[in-house]
file start18.csv (CSV, C-alpha atoms)
chain,number,residue,atom,x,y,z
I,34,MET,CA,87.9,46.3,100.3
I,35,LYS,CA,85.5,43.8,101.7
I,36,TYR,CA,86.0,40.8,104.0
I,37,VAL,CA,83.7,38.1,102.8
I,38,PRO,CA,82.9,34.5,103.8
I,39,ASP,CA,84.9,31.9,102.0
I,40,ALA,CA,82.8,30.6,99.1
I,41,THR,CA,84.2,27.1,99.5
I,42,ALA,CA,83.2,26.9,103.1
I,43,ASP,CA,79.7,26.4,104.7
I,44,ARG,CA,78.1,29.8,104.8
I,45,GLN,CA,75.3,30.5,107.2
I,46,PHE,CA,73.0,33.2,108.6
I,47,GLU,CA,72.7,34.5,112.1
I,48,SER,CA,69.4,34.4,114.1
I,49,ASP,CA,68.5,37.9,112.8
I,50,ASN,CA,69.0,36.7,109.1
I,51,THR,CA,72.3,38.6,108.6
I,52,VAL,CA,75.3,36.8,107.2
I,53,ASP,CA,77.5,35.1,109.7
I,54,ARG,CA,80.9,36.9,109.3
I,55,VAL,CA,82.4,35.8,112.6
I,56,GLY,CA,81.9,32.1,112.9
I,57,VAL,CA,83.0,31.2,109.4
I,58,ASP,CA,86.3,31.4,107.5
I,59,GLY,CA,86.7,34.6,105.6
I,60,LEU,CA,89.1,36.4,103.2
I,61,LEU,CA,89.6,39.4,101.0
I,62,SER,CA,86.9,39.5,98.3
I,63,GLU,CA,88.6,38.2,95.1
I,64,LEU,CA,87.1,41.1,93.0
I,65,ASP,CA,88.7,43.6,95.4
I,66,GLU,CA,92.1,42.0,94.7
I,67,TYR,CA,91.9,43.5,91.2
I,68,ALA,CA,91.5,47.0,92.7
I,69,VAL,CA,94.6,46.4,94.8
I,70,GLU,CA,96.5,45.2,91.8
I,71,GLN,CA,95.6,48.2,89.7
I,72,ALA,CA,96.5,50.6,92.5
I,73,LEU,CA,99.9,48.9,92.8
I,74,GLN,CA,100.4,49.2,89.0
I,75,ILE,CA,99.6,52.9,89.1
I,76,LYS,CA,102.1,53.5,91.9
I,77,GLU,CA,104.8,51.5,90.0
I,78,LYS,CA,104.3,53.7,86.9
I,79,ARG,CA,104.7,56.8,89.1
I,80,ALA,CA,107.9,55.7,90.8
I,81,ASP,CA,109.2,59.2,90.8
I,82,GLU,CA,106.2,60.5,92.7
I,83,ASP,CA,105.2,60.2,96.4
I,84,VAL,CA,102.3,57.8,96.2
I,85,THR,CA,100.8,56.0,99.2
I,86,ILE,CA,98.3,53.2,98.9
I,87,THR,CA,96.0,52.8,101.9
I,88,ALA,CA,94.0,49.6,102.2
I,89,LEU,CA,90.6,50.4,103.8
I,90,CYS,CA,88.1,47.7,105.1
I,91,VAL,CA,85.0,47.8,107.3
I,92,GLY,CA,84.1,44.7,109.2
I,93,PRO,CA,84.4,42.6,112.3
I,94,GLU,CA,87.7,41.9,114.1
I,95,LYS,CA,88.6,39.1,111.7
I,96,ALA,CA,88.3,41.5,108.7
I,97,VAL,CA,91.8,42.8,109.5
I,98,ASP,CA,93.0,39.7,107.6
I,99,ALA,CA,91.7,41.3,104.4
I,100,VAL,CA,93.8,44.4,105.1
I,101,ARG,CA,96.8,42.3,105.8
I,102,LYS,CA,96.4,40.6,102.5
I,103,ALA,CA,96.5,43.9,100.7
I,104,LEU,CA,99.6,44.9,102.7
I,105,GLN,CA,101.3,41.7,101.7
I,106,MET,CA,100.5,42.4,98.1
I,107,GLY,CA,102.2,45.8,98.4
I,108,ALA,CA,99.9,48.4,99.9
I,109,ASP,CA,101.7,50.9,102.2
I,110,LYS,CA,99.3,51.2,105.2
I,111,GLY,CA,96.1,49.7,106.4
I,112,VAL,CA,92.9,51.1,108.0
I,113,HIS,CA,90.3,48.8,109.6
I,114,VAL,CA,87.0,50.3,110.7
I,115,SER,CA,85.5,48.0,113.4
I,116,ASP,CA,82.5,48.7,115.6
I,117,GLU,CA,79.8,46.3,116.9
I,118,ALA,CA,77.2,48.8,115.9
I,119,ILE,CA,78.0,48.4,112.2
I,120,ALA,CA,76.8,44.8,112.1
I,121,GLY,CA,73.8,44.4,109.8
I,122,SER,CA,74.4,47.6,107.9
I,123,ASP,CA,73.1,47.8,104.3
I,124,TYR,CA,74.7,49.6,101.4
I,125,GLY,CA,73.6,53.1,102.5
I,126,ALA,CA,75.2,52.8,106.0
I,127,THR,CA,78.2,51.0,104.7
I,128,SER,CA,78.9,53.7,102.1
I,129,LEU,CA,78.5,56.3,104.9
I,130,VAL,CA,81.1,54.6,107.1
I,131,LEU,CA,83.5,54.2,104.1
I,132,ALA,CA,83.1,57.8,103.1
I,133,LYS,CA,83.8,59.1,106.6
I,134,ALA,CA,86.8,56.9,106.9
I,135,VAL,CA,88.2,58.2,103.6
I,136,GLU,CA,87.6,61.8,104.8
I,137,LYS,CA,89.6,61.0,108.0
I,138,ILE,CA,92.4,59.4,106.0
I,139,ALA,CA,92.4,62.6,103.9
I,140,GLU,CA,93.2,64.7,107.0
I,141,GLU,CA,96.7,63.4,106.8
I,142,ALA,CA,97.2,63.6,103.0
I,143,PRO,CA,94.8,64.3,100.1
I,144,VAL,CA,93.0,61.3,98.7
I,145,ASP,CA,93.3,61.6,94.9
I,146,LEU,CA,91.9,58.2,93.9
I,147,VAL,CA,89.5,55.8,95.6
I,148,MET,CA,89.8,52.3,94.1
I,149,CYS,CA,87.1,49.7,94.4
I,150,GLY,CA,86.3,46.3,93.0
I,151,MET,CA,83.3,46.1,90.7
I,152,ALA,CA,81.3,44.2,93.4
I,153,SER,CA,81.8,41.9,96.4
I,154,THR,CA,81.8,38.2,95.9
I,155,ASP,CA,79.1,37.7,98.6
I,156,ALA,CA,76.4,40.4,98.0
I,157,ALA,CA,77.4,41.3,94.4
I,158,GLY,CA,75.5,44.6,94.6
I,159,SER,CA,77.9,46.7,92.6
I,160,VAL,CA,76.5,49.9,94.1
I,161,ILE,CA,79.0,50.9,96.8
I,162,PRO,CA,81.4,52.7,94.4
I,163,ALA,CA,78.6,55.0,93.1
I,164,MET,CA,77.2,55.7,96.6
I,165,LEU,CA,80.7,56.4,97.8
I,166,ALA,CA,81.3,58.9,95.0
I,167,GLU,CA,78.1,60.6,95.8
I,168,ARG,CA,78.9,60.9,99.5
I,169,LEU,CA,82.5,62.2,98.8
I,170,ASP,CA,81.2,64.5,96.0
I,171,TYR,CA,83.8,62.9,93.7
I,172,PRO,CA,83.3,62.0,90.0
I,173,GLN,CA,82.9,58.3,89.3
I,174,VAL,CA,84.4,56.1,86.6
I,175,THR,CA,83.2,52.6,87.1
I,176,PHE,CA,83.5,49.1,85.7
I,177,GLY,CA,86.8,49.7,84.1
I,178,SER,CA,88.3,46.8,82.2
I,179,LYS,CA,91.4,48.8,81.1
I,180,ILE,CA,92.9,51.6,83.2
I,181,GLU,CA,95.1,54.5,82.0
I,182,THR,CA,96.4,57.4,84.1
I,183,GLN,CA,98.3,60.5,83.1
I,184,GLY,CA,98.8,63.3,85.5
I,185,ASP,CA,95.5,63.9,87.2
I,186,GLN,CA,93.5,62.3,84.4
I,187,VAL,CA,92.1,58.8,84.5
I,188,ARG,CA,90.7,57.0,81.4
I,189,ILE,CA,89.0,53.6,81.4
I,190,GLN,CA,87.5,51.2,78.9
I,191,ARG,CA,84.0,50.0,80.0
I,192,ASP,CA,82.7,46.9,78.3
I,193,GLY,CA,78.9,46.6,78.2
I,194,ASP,CA,76.6,43.9,76.8
I,195,VAL,CA,76.2,45.6,73.5
I,196,ALA,CA,79.0,48.2,73.3
I,197,THR,CA,82.4,49.3,74.6
I,198,GLU,CA,82.9,52.9,75.6
I,199,ILE,CA,85.9,55.0,76.8
I,200,ILE,CA,85.2,57.4,79.6
I,201,GLY,CA,87.5,59.5,81.8
I,202,GLY,CA,87.7,62.0,84.6
I,203,SER,CA,90.0,64.2,86.6
I,204,MET,CA,91.2,63.3,90.1
I,205,PRO,CA,90.0,63.2,92.8
I,206,LEU,CA,87.6,60.5,91.7
I,207,VAL,CA,86.2,57.1,92.6
I,208,LEU,CA,87.3,54.3,90.2
I,209,SER,CA,86.0,50.7,90.2
I,210,VAL,CA,87.7,47.9,88.2
I,211,THR,CA,86.5,44.6,86.8
I,212,ASP,CA,88.1,41.2,86.8
I,213,GLN,CA,89.2,41.9,83.2
I,214,THR,CA,92.0,44.3,84.2
I,215,GLY,CA,94.5,41.4,84.8
I,216,GLU,CA,95.3,38.8,87.4
I,217,ALA,CA,96.2,40.1,90.8
I,218,ARG,CA,99.7,39.3,92.1
I,219,TYR,CA,100.4,36.7,94.8
I,220,PRO,CA,102.1,38.0,97.9
I,221,SER,CA,105.8,37.1,97.9
I,222,PHE,CA,107.6,35.9,101.0
I,223,LYS,CA,109.3,39.3,101.1
I,224,GLY,CA,106.0,41.0,100.9
I,225,ILE,CA,104.5,38.9,103.7
I,226,MET,CA,107.4,39.7,106.0
I,227,ALA,CA,107.4,43.4,105.1
I,228,ALA,CA,103.6,43.6,105.8
I,229,LYS,CA,104.2,42.9,109.5
I,230,LYS,CA,106.0,46.2,109.9
I,231,LYS,CA,103.6,48.4,107.9
I,232,PRO,CA,101.3,50.8,109.8
I,233,MET,CA,97.8,49.6,110.7
I,234,GLU,CA,95.2,51.8,112.2
I,235,THR,CA,91.8,50.8,113.7
I,236,TYR,CA,88.9,53.2,113.7
I,237,SER,CA,85.7,53.1,115.7
I,238,LEU,CA,82.5,54.9,114.6
I,239,ALA,CA,83.4,57.7,117.1
I,240,ASP,CA,86.8,58.1,115.5
I,241,ILE,CA,85.2,58.9,112.1
I,242,GLY,CA,82.3,60.9,113.4
I,243,VAL,CA,79.5,58.5,112.7
I,244,SER,CA,76.6,58.0,115.1
I,245,SER,CA,75.6,54.4,116.0
I,246,ASP,CA,72.0,55.5,115.3
I,247,ASP,CA,72.9,55.9,111.5
I,248,VAL,CA,74.2,52.3,111.0
I,249,GLY,CA,73.2,48.7,111.8
I,250,LEU,CA,70.3,46.5,111.1
I,251,SER,CA,67.7,48.7,112.8
I,252,VAL,CA,68.1,51.5,110.2
I,253,ALA,CA,68.7,49.3,107.2
I,254,TRP,CA,66.5,50.1,104.2
I,255,THR,CA,66.4,46.4,103.3
I,256,GLU,CA,65.6,43.3,105.3
I,257,VAL,CA,66.0,39.5,104.9
I,258,THR,CA,62.7,38.1,106.3
I,259,GLU,CA,63.5,34.4,105.9
I,260,ALA,CA,66.5,32.1,105.0
I,261,THR,CA,66.3,28.4,104.6
I,262,PRO,CA,69.1,25.9,104.0
I,263,ARG,CA,69.5,24.6,100.4
I,264,PRO,CA,67.8,21.2,100.1
I,265,PRO,CA,69.9,18.2,99.4
I,266,ARG,CA,70.4,17.5,95.7
I,267,GLU,CA,67.9,14.9,94.3
I,268,ALA,CA,68.0,12.8,91.2
I,269,GLY,CA,66.4,14.5,88.2
I,270,GLU,CA,63.2,13.3,86.6
I,271,VAL,CA,63.8,11.3,83.4
I,272,HIS,CA,61.2,11.4,80.7
I,273,THR,CA,61.5,9.0,77.8
I,274,ASP,CA,60.2,10.5,74.6
I,275,GLU,CA,58.7,7.4,73.0
I,276,ASP,CA,55.4,8.8,71.9
I,277,GLY,CA,56.3,12.4,71.1
I,278,SER,CA,55.3,13.8,74.4
I,279,GLY,CA,58.7,14.9,75.4
I,280,ALA,CA,58.3,18.6,74.4
I,281,GLY,CA,55.0,18.9,76.2
I,282,ALA,CA,56.5,17.3,79.4
I,283,LEU,CA,59.4,19.7,79.3
I,284,ALA,CA,57.1,22.7,78.8
I,285,ASP,CA,54.9,21.6,81.7
I,286,PHE,CA,57.9,21.2,84.0
I,287,LEU,CA,59.3,24.7,83.1
I,288,ALA,CA,55.9,26.2,83.7
I,289,SER,CA,55.5,24.5,87.1
I,290,LYS,CA,58.8,26.1,88.1
I,291,LYS,CA,57.6,29.4,86.7
I,292,PHE,CA,60.5,29.6,84.2
I,293,ILE,CA,58.0,30.1,81.4
call {"tool": "encode", "arguments": {"input": "start18.csv", "output": "structure tokens"}}
result
Amino acid sequence: MKYVPDATADRQFESDNTVDRVGVDGLLSELDEYAVEQALQIKEKRADEDVTITALCVGPEKAVDAVRKALQMGADKGVHVSDEAIAGSDYGATSLVLAKAVEKIAEEAPVDLVMCGMASTDAAGSVIPAMLAERLDYPQVTFGSKIETQGDQVRIQRDGDVATEIIGGSMPLVLSVTDQTGEARYPSFKGIMAAKKKPMETYSLADIGVSSDDVGLSVAWTEVTEATPRPPREAGEVHTDEDGSGAGALADFLASKKFI
């Protein structure tokens, strides 16, 4: 899961052009709530089995709030990876930290299914599930709009722009789900109170065996070189088409903005 800046609040960048995730209000990425919901539904369908849902998040100290939200929804335990050296990490380093954290969790009990949202609501990269599957050497079934499980088999419906396909795989695997899987539940009062007693672990990079030289802004493959505030909204230009010049004026405007 990812802890993201609140989209309704003023978001800003740090002096090094990384997103400010400390000085702003944040929350669990909405798209990751769908992954939590599907994990809960899978557990409910397997009530006669010993199923444990672990909510995993990488981020600053405040990111623990995202883990707590998942626990309030019904997850069984939480893991928060927090280390100052992680700040500024790109997809490659983030997937490394997540994979190593999953491997550490698997030391206690096998991890059969790694659930992810289709993307985060801030970066919207949609690549972490695939990179995570590669690092874990797990099959990947991604962008599922409908999820079915039976035994160790997982089948999903993936809706593309021009076609819908059904794909599946055998656990262990990495599964990402879309916002078409169904609304995520709201934490109940009982769930909120129960979450306070659920186990929560905090890992550092040393705990999961990752060197600080392999993460952070200095080793990122991508870089934001400049960020400028959005200009205030101005009144649009009105062109009155009295002499038939409207189409030409519209084309000139679009060309000046490099839309055509």
call {"tool": "atom_distance", "arguments": {"input": "start18.csv", "atom1": "atom CA of Val100 of chain I", "atom2": "atom CA of Phe46 of chain I"}}
result
23.9 Å
call {"tool": "closest_residue", "arguments": {"input": "start18.csv", "among": "I:Pro205, I:Gly184, I:Gly111, I:Pro232", "to": "Lys78 of chain I", "atoms": "only C-alpha atoms"}}
result
I:Gly184
call {"tool": "residues_near_point", "arguments": {"input": "start18.csv", "point": "(73.3, 44.0, 112.1)", "cutoff": "10 Å", "atoms": "all atoms listed in the file", "output": "list in words"}}
result
Glu47, Asp49, Asn50, Thr51, Val52, Glu117, Ala118, Ile119, Ala120, Gly121, Ser122, Asp123, Val248, Gly249, Leu250, Ser251, Val252 and Ala253 of chain I
call {"tool": "atom_distance", "arguments": {"input": "start18.csv", "atom1": "atom CA of Val69 of chain I", "atom2": "atom CA of Lys231 of chain I"}}
result
16.0 Å
call {"tool": "closest_residue", "arguments": {"input": "start18.csv", "among": "I:Thr87, I:Ser159, I:Gln183, I:Gln105", "to": "Tyr219 of chain I", "atoms": "all atoms listed in the file"}}
result
I:Gln105
call {"tool": "residues_around", "arguments": {"input": "start18.csv", "residues": "segment 236-246 of chain I", "least_positions_apart": "3", "cutoff": "10 Å", "atoms": "all atoms listed in the file", "output": "PyMOL selection string"}}
result
chain I and resi 91+112-119+126+129-138+249+251-252
call {"tool": "residues_around", "arguments": {"input": "start18.csv", "residues": "Ala152 of chain I", "least_positions_apart": "3", "cutoff": "8 Å", "atoms": "all atoms listed in the file", "output": "MDAnalysis selection string"}}
result
chainID I and resid 64:65 156:161
call {"tool": "closest_residue", "arguments": {"input": "start18.csv", "among": "I:Val271, I:Pro162, I:Leu61, I:Glu82", "to": "Leu283 of chain I", "atoms": "all atoms listed in the file"}}
result
I:Val271
call {"tool": "atom_distance", "arguments": {"input": "start18.csv", "atom1": "atom CA of Ser221 of chain I", "atom2": "atom CA of Met106 of chain I"}}
result
7.5 Å
call {"tool": "closest_residue", "arguments": {"input": "start18.csv", "among": "I:Val174, I:Ile180, I:Met204, I:Ala96", "to": "Glu70 of chain I", "atoms": "only C-alpha atoms"}}
result
I:Ile180
call {"tool": "closest_residue", "arguments": {"input": "start18.csv", "among": "I:Leu208, I:Ile75, I:Ala80, I:Leu104", "to": "Lys230 of chain I", "atoms": "only C-alpha atoms"}}
result
I:Leu104
call {"tool": "residues_around", "arguments": {"input": "start18.csv", "residues": "Arg101 of chain I", "least_positions_apart": "6", "cutoff": "9 Å", "atoms": "all atoms listed in the file", "output": "PyMOL selection string"}}
result
chain I and resi 88+111+225+228-229+233
call {"tool": "residues_around", "arguments": {"input": "start18.csv", "residues": "Gly193 of chain I", "least_positions_apart": "3", "cutoff": "12 Å", "atoms": "all atoms listed in the file", "output": "PyMOL selection string"}}
result
chain I and resi 175-178+190+196-199+211
call {"tool": "closest_residue", "arguments": {"input": "start18.csv", "among": "I:Leu146, I:Leu287, I:Ala260, I:Ala227", "to": "Ala103 of chain I", "atoms": "only C-alpha atoms"}}
result
I:Ala227
call {"tool": "residues_near_point", "arguments": {"input": "start18.csv", "point": "(81.4, 30.6, 110.0)", "cutoff": "7 Å", "atoms": "all atoms listed in the file", "output": "PyMOL selection string"}}
result
chain I and resi 43-45+53-58
call {"tool": "decode", "arguments": {"input": "start18.csv", "residues": "segment 47-151 of chain I", "atoms": "C-alpha atoms", "output": "short mmCIF file (atom, residue, chain, number, x, y, z; two decimals), in the first residue's frame"}}
result
data_model
loop_
_atom_site.label_atom_id
_atom_site.label_comp_id
_atom_site.auth_asym_id
_atom_site.auth_seq_id
_atom_site.Cartn_x
_atom_site.Cartn_y
_atom_site.Cartn_z
CA GLU I 47 10.79 19.82 -1.45
CA SER I 48 13.89 21.84 -2.37
CA ASP I 49 15.28 18.76 -4.17
CA ASN I 50 12.09 18.51 -6.30
CA THR I 51 10.80 15.43 -4.52
CA VAL I 52 7.18 15.37 -3.33
CA ASP I 53 6.69 16.67 0.20
CA ARG I 54 5.25 13.70 2.10
CA VAL I 55 5.94 15.00 5.60
CA GLY I 56 4.65 18.56 5.73
CA VAL I 57 1.28 17.78 4.12
CA ASP I 58 -1.78 15.76 5.04
CA GLY I 59 -1.65 12.23 3.72
CA LEU I 60 -3.75 9.08 3.56
CA LEU I 61 -3.93 5.56 2.18
CA SER I 62 -4.05 5.71 -1.62
CA GLU I 63 -7.67 5.20 -2.65
CA LEU I 64 -6.72 2.69 -5.34
CA ASP I 65 -4.96 0.56 -2.73
CA GLU I 66 -8.18 0.38 -0.70
CA TYR I 67 -9.59 -1.84 -3.45
CA ALA I 68 -6.69 -4.26 -2.95
CA VAL I 69 -7.37 -4.37 0.79
CA GLU I 70 -11.06 -5.00 0.10
CA GLN I 71 -10.35 -7.89 -2.28
CA ALA I 72 -7.93 -9.43 0.22
CA LEU I 73 -10.64 -9.26 2.88
CA GLN I 74 -13.18 -10.87 0.57
CA ILE I 75 -10.79 -13.71 -0.24
CA LYS I 76 -10.26 -14.33 3.48
CA GLU I 77 -14.00 -14.28 4.16
CA LYS I 78 -14.56 -16.91 1.45
CA ARG I 79 -11.91 -19.09 3.11
CA ALA I 80 -13.28 -18.84 6.63
CA ASP I 81 -12.35 -22.48 7.31
CA GLU I 82 -8.68 -21.84 6.45
CA ASP I 83 -5.91 -20.08 8.37
CA VAL I 84 -5.56 -16.87 6.35
CA THR I 85 -3.61 -13.84 7.56
CA ILE I 86 -3.70 -10.46 5.82
CA THR I 87 -0.60 -8.32 6.35
CA ALA I 88 -0.74 -4.65 5.35
CA LEU I 89 2.67 -3.48 4.09
CA CYS I 90 3.64 0.16 3.49
CA VAL I 91 6.92 1.95 2.77
CA GLY I 92 7.14 5.61 3.72
CA PRO I 93 7.91 8.27 6.32
CA GLU I 94 6.74 8.07 9.93
CA LYS I 95 3.28 9.43 9.06
CA ALA I 96 2.80 6.59 6.56
CA VAL I 97 1.86 4.38 9.50
CA ASP I 98 -1.60 5.99 9.19
CA ALA I 99 -2.09 4.11 5.90
CA VAL I 100 -1.33 0.82 7.65
CA ARG I 101 -3.73 1.68 10.46
CA LYS I 102 -6.50 2.32 7.92
CA ALA I 103 -6.01 -1.18 6.50
CA LEU I 104 -6.09 -2.65 10.01
CA GLN I 105 -9.31 -0.78 10.71
CA MET I 106 -10.81 -2.22 7.52
CA GLY I 107 -9.97 -5.74 8.73
CA ALA I 108 -6.32 -6.62 7.97
CA ASP I 109 -4.71 -8.77 10.67
CA LYS I 110 -1.27 -7.22 11.10
CA GLY I 111 0.74 -4.28 9.81
CA VAL I 112 4.31 -3.75 8.63
CA HIS I 113 5.76 -0.29 8.08
CA VAL I 114 9.16 0.11 6.43
CA SER I 115 10.57 3.48 7.46
CA ASP I 116 14.11 4.75 6.93
CA GLU I 117 15.36 8.23 6.06
CA ALA I 118 17.57 6.80 3.34
CA ILE I 119 14.49 5.70 1.34
CA ALA I 120 13.38 9.30 0.66
CA GLY I 121 13.51 10.14 -3.04
CA SER I 122 13.52 6.51 -4.19
CA ASP I 123 12.11 5.78 -7.64
CA TYR I 124 10.15 2.72 -8.78
CA GLY I 125 13.23 0.49 -8.95
CA ALA I 126 14.35 1.16 -5.38
CA THR I 127 10.80 1.09 -4.04
CA SER I 128 10.15 -2.31 -5.58
CA LEU I 129 13.42 -3.55 -4.06
CA VAL I 130 12.41 -2.44 -0.56
CA LEU I 131 8.93 -3.93 -0.93
CA ALA I 132 10.28 -7.25 -2.22
CA LYS I 133 12.77 -7.56 0.63
CA ALA I 134 10.04 -6.72 3.14
CA VAL I 135 7.79 -9.41 1.66
CA GLU I 136 10.64 -11.90 1.92
CA LYS I 137 11.13 -11.01 5.58
CA ILE I 138 7.41 -11.42 6.26
CA ALA I 139 7.62 -14.81 4.52
CA GLU I 140 10.17 -15.96 7.10
CA GLU I 141 7.29 -16.30 9.58
CA ALA I 142 4.76 -17.84 7.18
CA PRO I 143 4.60 -18.41 3.41
CA VAL I 144 3.29 -15.45 1.40
CA ASP I 145 0.90 -16.94 -1.15
CA LEU I 146 -0.64 -13.79 -2.58
CA VAL I 147 0.77 -10.26 -2.88
CA MET I 148 -2.12 -7.84 -3.47
CA CYS I 149 -1.57 -4.41 -5.00
CA GLY I 150 -3.69 -1.56 -6.27
CA MET I 151 -3.50 -0.88 -10.01
#
